[in-house]
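A.B. asks: Below is upload-v1.cif; it holds mmCIF, C-alpha atoms.
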data_data
loop_
_atom_site.label_atom_id
_atom_site.label_comp_id
_atom_site.auth_asym_id
_atom_site.auth_seq_id
_atom_site.Cartn_x
_atom_site.Cartn_y
_atom_site.Cartn_z
CA MET J 1 169.08 151.05 117.44
CA SER J 2 167.47 153.81 115.38
CA ALA J 3 164.85 156.37 116.27
CA ASN J 4 161.33 156.08 114.96
CA SER J 5 161.06 158.59 112.12
CA ARG J 6 157.27 158.44 111.66
CA MET J 7 156.73 161.65 113.58
CA THR J 8 159.51 163.46 111.73
CA THR J 9 157.99 162.37 108.42
CA ALA J 10 154.53 163.52 109.54
CA VAL J 11 155.85 166.94 110.64
CA HIS J 12 157.68 167.27 107.31
CA VAL J 13 154.47 166.40 105.42
CA LEU J 14 152.37 168.94 107.32
CA THR J 15 155.04 171.63 107.11
CA TRP J 16 155.39 171.08 103.36
CA MET J 17 151.61 171.29 102.98
CA ALA J 18 151.57 174.58 104.91
CA PHE J 19 154.34 175.93 102.68
CA ASP J 20 152.58 174.74 99.54
CA ARG J 21 149.43 176.72 100.49
CA ARG J 22 151.19 180.05 99.89
CA GLY J 23 150.28 182.49 97.15
CA THR J 24 147.13 182.51 95.09
CA ASP J 25 147.29 179.23 93.17
CA LYS J 26 147.01 177.08 96.33
CA GLU J 27 147.75 173.78 94.65
CA ILE J 28 146.50 170.59 96.24
CA ALA J 29 149.23 168.39 97.70
CA THR J 30 149.69 164.92 96.25
CA SER J 31 151.66 162.08 97.82
CA GLN J 32 154.06 162.20 94.86
CA ARG J 33 154.82 165.91 95.31
CA ILE J 34 155.27 165.52 99.06
CA ALA J 35 157.43 162.40 98.64
CA THR J 36 159.86 164.41 96.51
CA SER J 37 160.47 166.81 99.41
CA VAL J 38 160.76 164.05 102.00
CA ASN J 39 162.91 162.01 99.58
CA THR J 40 160.93 158.83 100.09
CA ASN J 41 158.42 156.64 98.31
CA PRO J 42 154.88 158.01 97.86
CA VAL J 43 153.57 154.86 99.59
CA VAL J 44 155.30 155.99 102.80
CA ILE J 45 153.62 159.38 102.44
CA ARG J 46 150.19 157.82 101.81
CA ARG J 47 150.52 155.74 105.01
CA CYS J 48 151.50 158.87 106.92
CA LEU J 49 148.61 160.84 105.42
CA GLY J 50 146.26 158.06 106.53
CA GLU J 51 147.39 158.50 110.14
CA LEU J 52 147.08 162.28 109.86
CA ARG J 53 143.59 161.96 108.35
CA ALA J 54 142.48 159.62 111.15
CA ALA J 55 143.63 162.29 113.62
CA GLY J 56 141.69 164.99 111.75
CA LEU J 57 144.77 166.98 110.71
CA VAL J 58 144.37 166.55 106.93
CA GLU J 59 141.63 165.59 104.53
CA ALA J 60 141.54 164.19 101.03
CA VAL J 61 140.13 166.22 98.16
CA ARG J 62 138.56 164.04 95.51
CA GLY J 63 138.34 164.60 91.81
CA ARG J 64 140.62 165.43 88.93
CA SER J 65 142.67 167.87 90.98
CA GLY J 66 142.53 165.64 94.06
CA GLY J 67 145.09 165.55 96.81
CA TRP J 68 145.44 166.51 100.46
CA VAL J 69 144.83 169.69 102.46
CA LEU J 70 145.26 170.78 106.07
CA THR J 71 141.99 170.80 108.01
CA ARG J 72 142.98 173.85 110.04
CA ASP J 73 145.57 176.60 110.06
CA ALA J 74 149.17 175.48 110.50
CA ALA J 75 149.39 177.76 113.55
CA GLU J 76 146.68 175.62 115.21
CA ILE J 77 148.33 172.23 114.60
CA THR J 78 150.87 171.48 117.32
CA LEU J 79 153.65 168.95 117.32
CA LEU J 80 151.80 167.30 120.21
CA ASP J 81 148.87 166.73 117.81
CA VAL J 82 151.30 165.10 115.39
CA TYR J 83 152.93 163.03 118.15
CA ARG J 84 149.54 161.68 119.14
CA ALA J 85 148.55 161.07 115.52
CA THR J 86 151.65 158.96 114.89
CA GLY J 87 151.22 156.66 117.85
CA ALA J 88 152.51 158.65 120.84
CA GLU J 89 155.06 156.01 121.70
CA PRO J 90 156.87 156.35 125.03
CA ILE J 91 160.20 158.15 124.90
CA PHE J 92 161.96 155.30 126.69
CA GLY J 93 161.06 151.66 127.19
CA MET J 94 161.64 149.50 130.20
CA HIS J 95 163.53 146.21 130.23
CA ALA J 96 162.16 143.53 127.93
CA ALA J 97 162.28 141.09 130.86
CA SER J 98 161.69 141.90 134.52
CA PRO J 99 164.91 142.72 136.40
CA ASP J 100 166.05 140.41 139.18
CA ALA J 101 163.89 141.32 142.21
CA GLU J 102 166.51 139.73 144.51
CA CYS J 103 169.10 142.31 143.34
CA TYR J 104 169.23 145.60 145.26
CA VAL J 105 169.24 147.62 142.03
CA GLY J 106 166.95 145.33 140.06
CA HIS J 107 164.36 145.50 142.85
CA GLY J 108 163.67 149.23 142.48
CA ILE J 109 165.00 150.24 139.07
CA VAL J 110 161.65 150.11 137.25
CA ALA J 111 159.92 152.39 139.77
CA ALA J 112 162.87 154.77 139.90
CA LEU J 113 163.17 155.08 136.13
CA GLY J 114 159.40 155.21 135.72
CA GLU J 115 159.27 158.45 137.72
CA VAL J 116 162.07 160.03 135.69
CA TYR J 117 160.60 158.87 132.37
CA ASP J 118 157.16 160.20 133.29
CA GLU J 119 158.67 163.59 134.11
CA ALA J 120 160.63 163.62 130.83
CA SER J 121 157.47 162.70 128.92
CA ARG J 122 155.50 165.53 130.52
CA ALA J 123 158.26 168.01 129.64
CA MET J 124 158.42 166.75 126.07
CA CYS J 125 154.64 167.03 125.66
CA GLU J 126 154.75 170.58 127.01
CA VAL J 127 157.35 171.60 124.41
CA LEU J 128 155.54 169.78 121.59
CA GLY J 129 152.26 171.38 122.63
CA SER J 130 153.73 174.86 122.43
CA THR J 131 155.24 174.39 118.95
CA SER J 132 153.05 174.61 115.86
CA ILE J 133 153.55 173.47 112.29
CA ARG J 134 153.70 177.16 111.40
CA ASP J 135 156.59 177.57 113.88
CA VAL J 136 158.44 174.68 112.23
CA LEU J 137 157.84 176.23 108.80
CA ARG J 138 159.16 179.59 109.98
CA ARG J 139 162.29 177.92 111.36
CA SER J 140 162.69 175.85 108.18
CA LEU J 141 162.65 179.02 106.07
CA ALA J 142 165.09 180.91 108.30
CA ASP J 143 167.65 181.08 105.49
CA PHE J 144 165.01 182.39 103.06
CA PRO J 145 163.30 185.39 104.74
CA GLU J 146 161.95 186.58 101.39
CA LEU J 147 159.82 183.42 101.24
CA TRP J 148 158.34 184.03 104.69
CA GLU J 149 157.40 187.71 104.71
CA GLY J 150 153.68 188.37 104.22
CA GLN J 151 152.85 184.95 102.85
CA GLY J 152 150.19 183.77 105.35
CA PHE J 153 151.55 180.24 105.33
CA GLY J 154 149.31 177.37 106.26
CA VAL J 155 146.10 179.38 106.44
CA VAL J 156 143.13 177.25 105.52
CA ALA J 157 140.77 179.02 103.16
CA THR J 158 137.27 179.42 104.51
CA GLY J 159 134.03 179.61 102.58
#
Once more with this new file: its structure as structure tokens, please.

C.D. replies:
Amino acid sequence: MSANSRMTTAVHVLTWMAFDRRGTDKEIATSQRIATSVNTNPVVIRRCLGELRAAGLVEAVRGRSGGWVLTRDAAEITLLDVYRATGAEPIFGMHAASPDAECYVGHGIVAALGEVYDEASRAMCEVLGSTSIRDVLRRSLADFPELWEGQGFGVVATG
């Protein structure tokens, strides 16, 4: 059983885009350039970007220098936004088939676990909601403080 990596890929994509917006040249992100960082196929990145666009987190720039850009500052995009954009799947699933209602444990296990899982989900959403893409970028660059200082990462140009 493996974890769903769609959210991790989406966070990586957005964090890379925030990093790529540094400096004065502000290149436009392409699926090929992002795929190199994620170490995956550009098709995977394009699917991810489609989900992020549908959620209003990125937009496509058309033309010769086309690619993708963040729609708002990286500090304003939370991991909860990304979680919702990638399907917001439950943390835990219940049994595929209903437990035996004649069994003492089987009778109440779904209700008992449901309460615990709901509480865990609320706590997870609280943490995700208080963590931004900019926070992830800062943590990602912890070993490279010279890259972080004074860069204004993930700021969307206005005007």

A.B. asks: Go through region 56-130 of chain J and flag each residue having an atom no more than 10 Å from region 12-16 of chain J; for those, report the closest pair of atoms plus their distance in Å to one decimal, using only C-alpha atoms, ordered by chain and rising number, as a Markdown table.

C.D. replies:
| residue | atom | partner | partner_atom | distance |
| --- | --- | --- | --- | --- |
| J:Leu57 | CA | J:Leu14 | CA | 8.5 |
| J:Val58 | CA | J:Leu14 | CA | 8.4 |
| J:Val69 | CA | J:Leu14 | CA | 9.0 |
| J:Leu70 | CA | J:Leu14 | CA | 7.4 |
| J:Ala74 | CA | J:Thr15 | CA | 7.8 |
| J:Ile77 | CA | J:Leu14 | CA | 9.0 |
| J:Val82 | CA | J:Leu14 | CA | 9.0 |

A.B. asks: Which residues come within 7 Å of Ala75 (chain J), counting only C-alpha atoms, excluding same-chain residues fewer than 3 positions away, as a PyMOL selection string?

C.D. replies: chain J and resi 132-134

A.B. asks: What does the structure give for the distance between CA of Ala10 (chain J) and CA of Pro42 (chain J), in Å to one decimal?

C.D. replies: 12.9 Å

A.B. asks: Which residues fall under the PyMOL selection byres ((chain J and resi 81) around 12) in this file, as number ranges by chain?

C.D. replies: J: 7, 10-11, 14, 51-58, 74-80, 82-88, 125-133

A.B. asks: Enclose all atoms of region 75-84 of chain J listed in the file in an axis-aligned box, grow every side by 5 Å, and hand back centre and edge lengths in Å to one decimal, as JSON.

C.D. replies:
{"center_x": 150.2, "center_y": 169.7, "center_z": 116.9, "size_x": 17.0, "size_y": 26.1, "size_z": 16.7}

A.B. asks: For Ile45 (chain J), please output as a list of chain:residue names all residues within 9 Å (counting only C-alpha atoms; exclusion window: fewer than 3 positions along the same chain).

C.D. replies: J:Thr9, J:Ala10, J:Val13, J:Ser31, J:Gln32, J:Ile34, J:Ala35, J:Val38, J:Thr40, J:Asn41, J:Pro42, J:Cys48, J:Leu49, J:Gly50

A.B. asks: What lies within 10 Å of Ser65 (chain J) using only C-alpha atoms, ignoring chain neighbours under 4 positions off, as number ranges by chain?

C.D. replies: J: 27-30, 61

A.B. asks: Near Glu115 (chain J), within 12 Å and counting only C-alpha atoms, which residues show up once chain neighbours fewer than 6 positions away are dropped, as number ranges by chain?

C.D. replies: J: 92, 94, 108-109, 121-122

A.B. asks: With distances taken over all atoms listed in the file, which of J:Glu146, J:Ala60, J:Asp20, J:Leu113 is nearest to His95 (chain J)?

C.D. replies: J:Leu113

A.B. asks: Mind pulling up the distance from CA of Val116 (chain J) to CA of Ala97 (chain J)?

C.D. replies: 19.5 Å

A.B. asks: Find the residue from J:Met17, J:Tyr117, J:Val110, J:Ser37 that sits nearest to Thr71 (chain J); use only C-alpha atoms when measuring.

C.D. replies: J:Met17

A.B. asks: Rounded to one decimal place, report the CA of Leu141 (chain J)-CA of Arg6 (chain J) distance in Å.

C.D. replies: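 Computing the Euclidean distance for CA of Leu141 (chain J) and CA of Arg6 (chain J) yields 22.0 Å.
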